[in-house]
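Here is work34.cif, consisting of mmCIF, C-alpha atoms and all ligand atoms:
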data_data
loop_
_atom_site.label_atom_id
_atom_site.label_comp_id
_atom_site.auth_asym_id
_atom_site.auth_seq_id
_atom_site.Cartn_x
_atom_site.Cartn_y
_atom_site.Cartn_z
CA MET A 569 -32.63 -46.74 21.71
CA ILE A 570 -30.62 -43.55 21.03
CA VAL A 571 -28.07 -44.13 18.25
CA ASN A 572 -26.79 -40.52 18.02
CA THR A 573 -26.60 -40.21 14.23
CA LEU A 574 -28.21 -36.78 14.68
CA ALA A 575 -26.46 -35.83 17.93
CA GLY A 576 -25.89 -32.09 18.23
CA LYS A 577 -28.60 -31.26 15.71
CA VAL A 578 -31.89 -29.49 16.33
CA ALA A 579 -34.78 -30.76 14.21
CA MET A 580 -37.76 -28.53 13.56
CA ILE A 581 -40.65 -30.79 12.59
CA SER A 582 -44.17 -29.68 11.72
CA GLY A 583 -47.37 -31.63 12.27
CA THR A 584 -45.91 -33.58 15.19
CA GLY A 585 -49.37 -34.30 16.56
CA GLY A 586 -50.03 -37.11 14.10
CA GLY A 587 -49.00 -39.42 11.32
CA MET A 588 -45.63 -38.79 9.73
CA GLY A 589 -44.82 -35.78 11.92
CA ARG A 590 -45.18 -37.83 15.09
CA SER A 591 -43.19 -40.68 13.62
CA ALA A 592 -40.46 -38.26 12.50
CA ALA A 593 -40.28 -36.72 15.97
CA LEU A 594 -39.77 -40.17 17.50
CA GLU A 595 -37.18 -41.17 14.88
CA PHE A 596 -35.15 -37.93 14.98
CA ALA A 597 -35.13 -37.95 18.79
CA ALA A 598 -34.15 -41.65 18.81
CA GLN A 599 -31.17 -40.69 16.65
CA GLY A 600 -30.10 -38.03 19.14
CA ALA A 601 -31.58 -34.81 17.70
CA ARG A 602 -33.25 -32.27 19.93
CA VAL A 603 -36.70 -31.95 18.41
CA VAL A 604 -38.77 -28.78 18.23
CA GLY A 605 -42.21 -29.83 17.09
CA CYS A 606 -45.31 -27.88 16.31
CA ASP A 607 -48.89 -28.63 15.51
CA VAL A 608 -52.18 -26.83 15.36
CA ASN A 609 -53.50 -29.63 17.62
CA GLU A 610 -51.71 -28.83 20.87
CA LYS A 611 -53.02 -31.84 22.80
CA ALA A 612 -51.87 -34.33 20.18
CA ALA A 613 -48.49 -32.61 19.89
CA ASP A 614 -48.06 -32.76 23.68
CA GLU A 615 -48.77 -36.51 23.54
CA THR A 616 -45.92 -36.87 21.07
CA VAL A 617 -43.63 -34.96 23.45
CA GLU A 618 -44.54 -37.49 26.16
CA PHE A 619 -43.81 -40.45 23.84
CA VAL A 620 -40.44 -38.98 22.85
CA ARG A 621 -39.43 -38.27 26.43
CA GLU A 622 -40.59 -41.72 27.59
CA ALA A 623 -38.28 -43.18 24.95
CA GLY A 624 -35.37 -41.11 26.34
CA GLY A 625 -35.39 -38.36 23.70
CA GLU A 626 -35.51 -34.57 23.92
CA MET A 627 -38.46 -32.63 22.54
CA VAL A 628 -40.41 -29.44 23.08
CA SER A 629 -43.53 -28.46 21.22
CA LEU A 630 -45.10 -25.23 20.05
CA ALA A 631 -48.78 -24.80 19.30
CA ALA A 632 -48.88 -23.10 15.94
CA ASP A 633 -50.87 -22.95 12.75
CA LEU A 634 -48.29 -23.09 9.99
CA THR A 635 -50.62 -21.96 7.25
CA THR A 636 -48.87 -19.33 5.17
CA ARG A 637 -49.85 -17.46 2.07
CA ARG A 638 -46.58 -17.97 0.28
CA ALA A 639 -43.95 -20.70 0.47
CA THR A 640 -40.33 -20.29 -0.59
CA PRO A 641 -39.59 -22.67 -3.48
CA ALA A 642 -37.14 -25.39 -2.39
CA GLY A 643 -34.91 -24.60 -5.35
CA ARG A 644 -34.35 -21.04 -4.20
CA THR A 645 -33.51 -22.20 -0.66
CA TRP A 646 -31.03 -24.67 -2.11
CA CYS A 647 -29.24 -22.08 -4.28
CA SER A 648 -28.86 -19.49 -1.53
CA GLY A 649 -28.07 -21.97 1.25
CA ALA A 650 -25.49 -24.20 -0.41
CA PRO A 651 -22.45 -21.95 0.35
CA HIS A 652 -23.49 -21.97 4.01
CA ASN A 653 -23.75 -25.77 4.21
CA ILE A 654 -27.55 -25.59 4.12
CA ARG A 655 -29.14 -28.31 2.03
CA ALA A 656 -32.72 -28.42 0.72
CA VAL A 657 -34.04 -31.92 0.12
CA SER A 658 -37.65 -33.01 -0.19
CA VAL A 659 -39.42 -36.32 0.16
CA SER A 660 -42.46 -37.40 -1.82
CA PRO A 661 -44.32 -40.12 0.01
CA GLY A 662 -46.81 -42.36 -1.74
CA LEU A 663 -49.90 -43.48 0.15
CA ILE A 664 -48.83 -43.82 3.78
CA VAL A 665 -51.06 -45.27 6.49
CA THR A 666 -51.80 -42.34 8.84
CA PRO A 667 -54.88 -40.79 10.42
CA ALA A 668 -55.12 -38.62 7.29
CA THR A 669 -55.47 -41.62 4.98
CA GLU A 670 -57.89 -43.63 7.15
CA PRO A 671 -60.87 -42.35 5.11
CA VAL A 672 -59.14 -43.48 1.90
CA MET A 673 -58.54 -46.94 3.33
CA GLU A 674 -62.14 -47.17 4.48
CA ALA A 675 -63.41 -45.99 1.11
CA ILE A 676 -61.42 -48.53 -0.93
CA GLY A 677 -62.06 -51.35 1.57
CA PRO A 678 -60.16 -54.65 1.99
CA ASP A 679 -60.31 -55.53 -1.72
CA GLY A 680 -59.03 -52.11 -2.73
CA ILE A 681 -56.22 -52.34 -0.20
CA ALA A 682 -55.29 -55.83 -1.44
CA GLY A 683 -55.21 -54.50 -5.01
CA LEU A 684 -53.01 -51.60 -3.98
CA VAL A 685 -50.61 -53.91 -2.19
CA ALA A 686 -50.51 -56.22 -5.22
CA ARG A 687 -49.53 -53.29 -7.48
CA THR A 688 -46.82 -52.08 -5.08
CA PRO A 689 -43.43 -53.71 -5.71
CA ALA A 690 -42.66 -53.54 -1.98
CA GLY A 691 -45.70 -55.78 -1.43
CA ARG A 692 -47.11 -53.77 1.45
CA LEU A 693 -48.56 -50.41 2.41
CA GLY A 694 -46.29 -47.56 3.44
CA GLN A 695 -45.98 -46.75 7.14
CA PRO A 696 -45.02 -43.39 8.70
CA GLU A 697 -41.72 -44.92 9.82
CA ASP A 698 -40.77 -45.56 6.18
CA VAL A 699 -40.77 -41.81 5.62
CA ALA A 700 -39.38 -40.82 9.02
CA ARG A 701 -36.30 -43.04 8.65
CA VAL A 702 -35.46 -41.60 5.23
CA ALA A 703 -35.98 -38.05 6.51
CA ALA A 704 -33.64 -38.74 9.43
CA PHE A 705 -31.00 -40.11 7.05
CA LEU A 706 -31.34 -37.05 4.79
CA ALA A 707 -30.85 -34.78 7.81
CA SER A 708 -27.72 -36.65 8.88
CA ASP A 709 -24.15 -35.92 7.85
CA ASP A 710 -24.17 -39.22 5.93
CA ALA A 711 -26.36 -37.40 3.38
CA SER A 712 -24.10 -34.33 3.14
CA TYR A 713 -23.65 -34.70 -0.65
CA ILE A 714 -27.42 -34.85 -1.32
CA ASN A 715 -28.80 -31.43 -2.18
CA GLY A 716 -31.67 -30.12 -4.29
CA ALA A 717 -33.08 -33.64 -4.63
CA ASP A 718 -36.50 -35.15 -4.18
CA ILE A 719 -36.74 -38.68 -2.80
CA VAL A 720 -39.81 -40.71 -3.74
CA ILE A 721 -40.90 -43.04 -0.93
CA ASP A 722 -43.69 -45.13 -2.39
CA GLY A 723 -42.61 -48.77 -2.35
CA GLY A 724 -41.80 -48.49 -6.06
CA ILE A 725 -45.36 -47.97 -7.31
CA THR A 726 -44.51 -44.83 -9.33
CA ALA A 727 -41.62 -46.59 -11.05
CA VAL A 728 -43.85 -49.40 -12.34
CA GLY A 729 -46.56 -46.96 -13.45
N1 LIG B 801 -50.31 -39.90 4.37
C1 LIG B 801 -50.03 -39.84 3.08
O1 LIG B 801 -50.31 -40.78 2.32
C2 LIG B 801 -49.34 -38.62 2.50
C3 LIG B 801 -48.71 -38.75 1.26
C4 LIG B 801 -48.04 -37.64 0.72
C5 LIG B 801 -48.04 -36.43 1.40
N2 LIG B 801 -48.70 -36.33 2.60
C6 LIG B 801 -48.64 -35.03 3.28
O2 LIG B 801 -47.80 -35.16 4.43
C7 LIG B 801 -48.28 -34.32 5.48
C8 LIG B 801 -48.52 -35.16 6.73
O3 LIG B 801 -49.46 -36.16 6.40
P1 LIG B 801 -50.00 -37.21 7.47
O4 LIG B 801 -50.61 -38.30 6.68
O5 LIG B 801 -48.94 -37.52 8.46
O6 LIG B 801 -51.16 -36.35 8.13
P2 LIG B 801 -51.86 -36.45 9.59
O7 LIG B 801 -53.20 -35.85 9.41
O8 LIG B 801 -51.74 -37.83 10.14
O9 LIG B 801 -50.96 -35.48 10.48
C9 LIG B 801 -50.86 -34.13 10.13
C10 LIG B 801 -50.62 -33.32 11.39
O10 LIG B 801 -50.45 -31.95 10.99
C11 LIG B 801 -51.24 -31.08 11.81
N3 LIG B 801 -51.60 -29.88 11.06
C12 LIG B 801 -52.52 -29.79 10.07
N4 LIG B 801 -52.57 -28.51 9.62
C13 LIG B 801 -51.66 -27.79 10.35
C14 LIG B 801 -51.27 -26.42 10.35
N5 LIG B 801 -51.82 -25.54 9.53
N6 LIG B 801 -50.31 -26.02 11.22
C15 LIG B 801 -49.74 -26.91 12.08
N7 LIG B 801 -50.09 -28.22 12.12
C16 LIG B 801 -51.04 -28.65 11.26
C17 LIG B 801 -52.44 -31.93 12.19
O11 LIG B 801 -53.05 -31.45 13.40
C18 LIG B 801 -51.83 -33.34 12.35
O12 LIG B 801 -51.36 -33.58 13.66
C19 LIG B 801 -49.54 -33.65 4.96
O13 LIG B 801 -49.17 -32.38 4.44
C20 LIG B 801 -49.98 -34.57 3.83
O14 LIG B 801 -50.72 -33.87 2.83
C21 LIG B 801 -49.32 -37.40 3.17
#

How would this structure read if it were set down as structure tokens?
Amino acid sequence: MIVNTLAGKVAMISGTGGGMGRSAALEFAAQGARVVGCDVNEKAADETVEFVREAGGEMVSLAADLTTRRATPAGRTWCSGAPHNIRAVSVSPGLIVTPATEPVMEAIGPDGIAGLVARTPAGRLGQPEDVARVAAFLASDDASYINGADIVIDGGITAVG
């Protein structure tokens, strides 16, 4: 269902072929953003485009390898962008169940997963949607007073040590 919280916005999302990138593409499009995705895996990224369009959203995808030699520190982006209404906000996910973490899950096995869940105040593992929903909120005008912040999305496990 399109709820239009992000109507009129264009969202550039990387890694839309899998995991959190795919989930973010679906969430941002569901909230009315036009999504420009990219992934080094063109086939997987195109699948995401199909899912988004089937759900009634707008998305195009570029095949690109985003590897760069140098990244601009978020702090610098924040300082120079603030007068132009550009905000820089990061998210720090804990362990999220995605194709990338499948080997971790297999390595720790059911007992390891149960132990991890028991130590997590949220009482469950993180899903890509947990991150995508927060990212969509941070991109919305409802978050217009949040700038230069990092949001930890880990079910509370960092807070309890
Ligand atoms: N899953 C977690 O627990 C977790 C936690 C914290 C941070 N992260 C980080 O978040 C990001 C996404 O993680 P995920 O779990 O969704 O991974 P994922 O492997 O499920 O998806 C990543 C996507 O990015 C694409 N990709 C990889 N390298 C690329 C490149 N150079 N250019 C363009 N596309 C590229 C892949 O093809 C894939 O579709 C990663 O940077 C990961 O390190 C993941």

(request) With a distance cut-off of 7 Å and only C-alpha atoms, select the neighbouring residues of A:Met580, excluding the residue or stretch itself and same-chain residues fewer than 2 positions from it, and output the selection as a list in words. (result)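 Surrounding residues, per the criterion: Val578, Ser582, Val603, Val604 and Gly605 of chain A.
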
(message) Here is a test: counting only C-alpha atoms, which residue of A:Ala597, A:Ala711, A:Leu706, A:Ala650 is nearest to A:Ala579?
(response)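 So, comparing all the options, the nearest one is A:Ala597.
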
What are the nearest atom pairs, with distances in Å to one decimal, for all residues of chain A that come at most 6 Å from ligand LIG 801 (chain B), using all atoms listed in the file, set out by chain and rising residue number as JSON lines?
{"residue": "A:Gly583", "atom": "CA", "partner": "B:LIG801", "partner_atom": "O10", "distance": 3.4}
{"residue": "A:Thr584", "atom": "CA", "partner": "B:LIG801", "partner_atom": "O12", "distance": 5.7}
{"residue": "A:Gly585", "atom": "CA", "partner": "B:LIG801", "partner_atom": "O12", "distance": 3.6}
{"residue": "A:Gly586", "atom": "CA", "partner": "B:LIG801", "partner_atom": "O12", "distance": 3.8}
{"residue": "A:Gly587", "atom": "CA", "partner": "B:LIG801", "partner_atom": "O8", "distance": 3.4}
{"residue": "A:Met588", "atom": "CA", "partner": "B:LIG801", "partner_atom": "O5", "distance": 3.8}
{"residue": "A:Gly589", "atom": "CA", "partner": "B:LIG801", "partner_atom": "O5", "distance": 5.7}
{"residue": "A:Asp607", "atom": "CA", "partner": "B:LIG801", "partner_atom": "N7", "distance": 3.6}
{"residue": "A:Val608", "atom": "CA", "partner": "B:LIG801", "partner_atom": "C15", "distance": 4.1}
{"residue": "A:Asn609", "atom": "CA", "partner": "B:LIG801", "partner_atom": "O11", "distance": 4.6}
{"residue": "A:Ala632", "atom": "CA", "partner": "B:LIG801", "partner_atom": "C15", "distance": 5.5}
{"residue": "A:Asp633", "atom": "CA", "partner": "B:LIG801", "partner_atom": "N6", "distance": 3.5}
{"residue": "A:Leu634", "atom": "CA", "partner": "B:LIG801", "partner_atom": "N6", "distance": 3.8}
{"residue": "A:Thr635", "atom": "CA", "partner": "B:LIG801", "partner_atom": "N5", "distance": 4.4}
{"residue": "A:Pro661", "atom": "CA", "partner": "B:LIG801", "partner_atom": "C4", "distance": 4.5}
{"residue": "A:Gly662", "atom": "CA", "partner": "B:LIG801", "partner_atom": "C3", "distance": 5.1}
{"residue": "A:Leu663", "atom": "CA", "partner": "B:LIG801", "partner_atom": "O1", "distance": 3.5}
{"residue": "A:Ile664", "atom": "CA", "partner": "B:LIG801", "partner_atom": "O1", "distance": 3.7}
{"residue": "A:Val665", "atom": "CA", "partner": "B:LIG801", "partner_atom": "N1", "distance": 5.8}
{"residue": "A:Thr666", "atom": "CA", "partner": "B:LIG801", "partner_atom": "O8", "distance": 4.7}
{"residue": "A:Pro667", "atom": "CA", "partner": "B:LIG801", "partner_atom": "O8", "distance": 4.3}
{"residue": "A:Ala668", "atom": "CA", "partner": "B:LIG801", "partner_atom": "O7", "distance": 4.0}
{"residue": "A:Thr669", "atom": "CA", "partner": "B:LIG801", "partner_atom": "N1", "distance": 5.5}

(request) Could you check how far atom CA of A:Pro696 sits from atom CA of A:Arg655, in Å to one decimal? (result)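 Computed distance, atom CA of A:Pro696 to atom CA of A:Arg655, equals 22.9 Å.
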
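Among the candidates A:Glu670, A:Ile725, A:Ser660, A:Asp709, the residue lying nearest to A:Thr688 is A:Ile725 (atoms considered: all atoms listed in the file).
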
(request) Grab the atom CA of A:Tyr713 to atom CA of A:Met627 distance for me, in Å with one decimal place. (result)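 One can read the atom CA of A:Tyr713 to atom CA of A:Met627 distance as 27.6 Å.
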
(request) To one decimal in Å, tell me the separation between atom CA of A:Val720 and atom CA of A:Ala700. (result)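 It comes out at 12.8 Å.
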
(request) Have a look at A:Glu618, A:Glu610, A:Asp718, A:Asp698 and name the one nearest to A:Ser658; count only C-alpha atoms. (result)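 Looking at the shortest contact to A:Ser658, the residue is A:Asp718.
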
(message) With distances taken over all atoms listed in the file, which residue among A:Arg602, A:Arg621, A:Arg590, A:Arg701 lies nearest A:Lys577?
(response) A:Arg602

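With distances taken over all atoms listed in the file, A:Ala704 is the one residue among A:Val672, A:Val659, A:Ala623, A:Ala704 lying closest to A:Ala592.
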
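Minimum atom-to-atom distances from A:Pro678, A:Gly724, A:Gly625, A:Gly576 to A:Ala690 were compared using all atoms listed in the file, and the lowest value belongs to A:Gly724.
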
Let me know the centre plus edge lengths, in Å and rounded to one decimal, of a box with edges along x, y and z that contains all listed atoms of stretch 697-704 of chain A and is padded by 6 Å on every side, as AutoDock Vina command-line options.
--center_x -37.7 --center_y -41.8 --center_z 7.5 --size_x 20.1 --size_y 19.5 --size_z 16.6
